[in-house]
Amino acid sequence: MRELQVDTRYGALKGQNINGVAVWKGIPYARPPVNELRFEAPEPPVSWEGVKEADQFGPECIQPRTEGGLFQTPGYEPKESEDCLYLNVWAPEHATKSKLPVMVWIHGGAFVSGSGSTSFYDATQFVKRGEVIVVTMNYRLGPFGFMHLSPLGESFISNAGLLDQIAALEWVQENIECFGGDPSAVTVFGESAGSMSIAALMAMPKAKGLFQQAIMQSGASQHIPAEQAAQVTAGMLQMLGIRSDEVHKLKTMPAEQILAAGERFKEQTGAGLALLFQPVVDQSTLPKSPIQAIKDGDARDVRLLIGTNLDEGALFIRPETEIMNDGDIVRAMEMMTGVPDGHKIASQYPKTTDGQAQLMTDLFFWRSSVEFATAQSKYAPVFMYRFDWTLEGHPLLNKAIHGGEIAFVFHNLQFFTSMGITLSDSMQQLASRMQDAWITFAKGEVPNPGDYHWAPYSTKDRETIIFNSDIELIQDPDQEKRIRLGL
């Protein structure tokens, strides 16, 4: 058995042995971003004396709450607070002689919701199958993490949520060895907004050298132009009744008031699926758009595993969803992607919910991921995948929806049993193959699932692994669509 008490740079922690895995929960990686530190860059945590019991997850970051949802655990009532910058570590039950690769998970949630502590991201199976260290984290969300505030003065920062992620990665560099991890073998992996965060991290000078590999699931180069972000900030200040010479009030007003203003502002602007709060090009933190930085070779040493799900948009645009008129769907897609000629692209899709869901899949998720993979393939090995698994007859999983791969990647298929689904052998096998591929990649090897030779992505062959009940390796899937989208 490994020693559950570890001495970090900031103090001693005592973890727990849970289901045959050593776990440390609720580790502070930065000072609480409250009062004068609200809307500022994260600062290192305060050291403590004695032994801190690391047996409870830290609070989730303050966020809007909705009933139901794909990623919510039934009966789960989280604590939430502005004091939310905590991370969690999973490690093998028995200590190993050599230092283990480290996988750092960045959760999704459209930059406004989620946490690293939900049971959906329990890393027990990762650790048991692959002898890796897994870290999950919280980071500031919504207006607290992604409001463009640096133009307001030196006491305000933009991209605070991304800077939180960097602070967590810096904590990993400083402390992961005492948990048995190798700080020179760090892979960041994430889904949706977590994947988009990784795209931004690959472009941020402050993040350089903090990770060697990246796995991006269903999200790529996403950002909001500074001018548009400034309009959001101005709208938020107006919603809060704050004049330009009163911005200091942002530090003292109740957090719930700021959160509510963000929700009202989104409703009033009719943003719909578009993201008001997201990474912004900002000279001091994110000086280039992520895709431009990748094209310039700014992440030239980072190996990449990247992919999307076949029917991403079907999670957001359901059969019962009202069909959007041409102007609304084009405006939403242009806001979300920055791609011009939205009318020309949208006209090629049926004016049905299925057609609009596929437009969202192709334009927002698939196109950006192919563009990102193509750019990075010039500088480092890139492996491309697509997740196609569906459950015939199920009202939600009858398509390969956004987020549908997460339970397989984490091998937490019990999540499906809570939906009344009986697990099949093929589901278990798919989970094992996907998780093994992720672990193998994190160990610096080619992530071959099965007997295939998965060659690095190139503009010549565009080899792509299809994860389904059966695994396939195909070249240039949807070539006609790729060309039509200008890739």
# chains A, B, ... in the order shown; residues from 1 in each chain; ligands from 1

call {"tool": "closest_atom_pairs", "arguments": {"of": "range 29-102 of chain A", "to": "range 171-192 of chain A", "cutoff": "7 Å", "atoms": "only C-alpha atoms", "output": "Markdown table"}}
result
| residue | atom | partner | partner_atom | distance |
| --- | --- | --- | --- | --- |
| A:Tyr29 | CA | A:Trp171 | CA | 6.1 |
| A:Lys99 | CA | A:Asp182 | CA | 5.0 |
| A:Leu100 | CA | A:Gly181 | CA | 4.6 |
| A:Pro101 | CA | A:Ala185 | CA | 5.1 |
| A:Val102 | CA | A:Val186 | CA | 4.7 |

call {"tool": "residues_around", "arguments": {"residues": "range 289-306 of chain A", "least_positions_apart": "3", "cutoff": "7 Å", "atoms": "only C-alpha atoms", "output": "number ranges by chain"}}
result
A: 199-200, 202-203, 212-217, 221, 223, 281, 372, 375-376, 379-385

call {"tool": "closest_residue", "arguments": {"among": "A:His94, A:Arg9, A:Lys443, A:Arg367", "to": "Ala22 in chain A", "atoms": "only C-alpha atoms"}}
result
A:His94

call {"tool": "residues_around", "arguments": {"residues": "Lys206 in chain A", "least_positions_apart": "4", "cutoff": "10 Å", "atoms": "only C-alpha atoms", "output": "VMD selection string"}}
result
chain A and resid 163 166 to 167 170 201 to 202 210 284 to 286

call {"tool": "closest_residue", "arguments": {"among": "A:Gly444, A:Pro33, A:Pro78, A:Gly15", "to": "Glu53 in chain A", "atoms": "only C-alpha atoms"}}
result
A:Gly15

call {"tool": "atom_distance", "arguments": {"atom1": "CA of Trp366 in chain A", "atom2": "CA of Val134 in chain A"}}
result
27.3 Å

call {"tool": "select_by_dssp", "arguments": {"residues": "range 153-257 of chain A", "states": "strand (DSSP E or B)", "output": "PDB file with N, CA and C atoms, in the first residue's frame"}}
result
ATOM      1  N   GLY A 181       3.930  11.020  -9.607  1.00  0.00           N
ATOM      2  CA  GLY A 181       3.798  11.420 -10.998  1.00  0.00           C
ATOM      3  C   GLY A 181       5.061  12.029 -11.576  1.00  0.00           C
ATOM      4  N   ASP A 182       5.134  12.029 -12.897  1.00  0.00           N
ATOM      5  CA  ASP A 182       6.278  12.569 -13.621  1.00  0.00           C
ATOM      6  C   ASP A 182       5.905  13.933 -14.212  1.00  0.00           C
ATOM      7  N   PRO A 183       6.452  15.022 -13.693  1.00  0.00           N
ATOM      8  CA  PRO A 183       6.088  16.353 -14.201  1.00  0.00           C
ATOM      9  C   PRO A 183       6.557  16.610 -15.631  1.00  0.00           C
ATOM     10  N   SER A 184       7.425  15.745 -16.156  1.00  0.00           N
ATOM     11  CA  SER A 184       7.881  15.915 -17.542  1.00  0.00           C
ATOM     12  C   SER A 184       7.068  15.064 -18.515  1.00  0.00           C
ATOM     13  N   ALA A 185       6.007  14.415 -18.018  1.00  0.00           N
ATOM     14  CA  ALA A 185       5.150  13.579 -18.870  1.00  0.00           C
ATOM     15  C   ALA A 185       3.687  13.881 -18.563  1.00  0.00           C
ATOM     16  N   VAL A 186       3.286  15.122 -18.842  1.00  0.00           N
ATOM     17  CA  VAL A 186       1.933  15.588 -18.532  1.00  0.00           C
ATOM     18  C   VAL A 186       1.114  15.683 -19.817  1.00  0.00           C
ATOM     19  N   THR A 187      -0.062  15.075 -19.789  1.00  0.00           N
ATOM     20  CA  THR A 187      -1.029  15.183 -20.875  1.00  0.00           C
ATOM     21  C   THR A 187      -2.253  15.907 -20.360  1.00  0.00           C
ATOM     22  N   VAL A 188      -2.655  16.987 -21.024  1.00  0.00           N
ATOM     23  CA  VAL A 188      -3.939  17.610 -20.712  1.00  0.00           C
ATOM     24  C   VAL A 188      -4.993  16.992 -21.611  1.00  0.00           C
ATOM     25  N   PHE A 189      -6.147  16.691 -21.048  1.00  0.00           N
ATOM     26  CA  PHE A 189      -7.243  16.189 -21.876  1.00  0.00           C
ATOM     27  C   PHE A 189      -8.543  16.801 -21.376  1.00  0.00           C
ATOM     28  N   GLY A 190      -9.442  17.043 -22.324  1.00  0.00           N
ATOM     29  CA  GLY A 190     -10.684  17.701 -21.967  1.00  0.00           C
ATOM     30  C   GLY A 190     -11.703  17.578 -23.073  1.00  0.00           C
ATOM     31  N   GLU A 191     -12.949  17.942 -22.742  1.00  0.00           N
ATOM     32  CA  GLU A 191     -14.063  17.796 -23.679  1.00  0.00           C
ATOM     33  C   GLU A 191     -14.830  19.102 -23.770  1.00  0.00           C
ATOM     34  N   GLN A 213       1.655  16.818 -24.082  1.00  0.00           N
ATOM     35  CA  GLN A 213       0.691  16.180 -24.981  1.00  0.00           C
ATOM     36  C   GLN A 213      -0.701  16.694 -24.663  1.00  0.00           C
ATOM     37  N   ALA A 214      -1.589  16.587 -25.636  1.00  0.00           N
ATOM     38  CA  ALA A 214      -2.951  17.072 -25.454  1.00  0.00           C
ATOM     39  C   ALA A 214      -3.937  16.136 -26.136  1.00  0.00           C
ATOM     40  N   ILE A 215      -5.071  15.932 -25.476  1.00  0.00           N
ATOM     41  CA  ILE A 215      -6.183  15.178 -26.051  1.00  0.00           C
ATOM     42  C   ILE A 215      -7.389  16.097 -26.053  1.00  0.00           C
ATOM     43  N   MET A 216      -7.907  16.363 -27.253  1.00  0.00           N
ATOM     44  CA  MET A 216      -9.007  17.317 -27.412  1.00  0.00           C
ATOM     45  C   MET A 216     -10.244  16.600 -27.936  1.00  0.00           C
ATOM     46  N   GLN A 217     -11.278  16.558 -27.102  1.00  0.00           N
ATOM     47  CA  GLN A 217     -12.520  15.865 -27.422  1.00  0.00           C
ATOM     48  C   GLN A 217     -13.624  16.897 -27.700  1.00  0.00           C
ATOM     49  N   ILE A 224     -13.607  34.571 -28.701  1.00  0.00           N
ATOM     50  CA  ILE A 224     -14.459  35.695 -29.049  1.00  0.00           C
ATOM     51  C   ILE A 224     -13.553  36.885 -29.374  1.00  0.00           C
TER      52      ILE A 224
END

call {"tool": "atom_distance", "arguments": {"atom1": "CA of Met236 in chain A", "atom2": "CA of Glu43 in chain A"}}
result
25.6 Å

call {"tool": "residues_around", "arguments": {"residues": "Val89 in chain A", "least_positions_apart": "2", "cutoff": "9 Å", "atoms": "only C-alpha atoms", "output": "compact mmCIF listing (two decimals) with C-alpha atoms, in the first residue's frame"}}
result
# COMPACT_ATOMS: atom_id res chain seq x y z
CA ALA A 22 -5.50 6.38 -3.63
CA VAL A 23 -7.45 9.66 -3.84
CA TRP A 24 -6.74 13.15 -2.54
CA LYS A 25 -9.68 15.54 -2.84
CA GLY A 26 -10.13 19.27 -2.49
CA ILE A 27 -6.49 20.36 -2.75
CA LEU A 87 -8.08 20.02 -7.67
CA ALA A 91 -3.09 7.48 -8.04
CA ALA A 123 -10.73 8.51 -12.54
CA ILE A 133 -1.86 9.70 -12.23
CA VAL A 134 -5.04 11.64 -12.99
CA VAL A 135 -5.77 15.20 -11.87
CA THR A 136 -9.15 16.95 -12.18
CA ILE A 176 2.98 15.83 -8.58
CA PHE A 179 2.12 11.55 -5.54

call {"tool": "residues_around", "arguments": {"residues": "range 431-440 of chain A", "least_positions_apart": "5", "cutoff": "6 Å", "atoms": "only C-alpha atoms", "output": "list in words"}}
result
Phe408, Val409, His411, Glu445, Pro447 and Pro449 of chain A
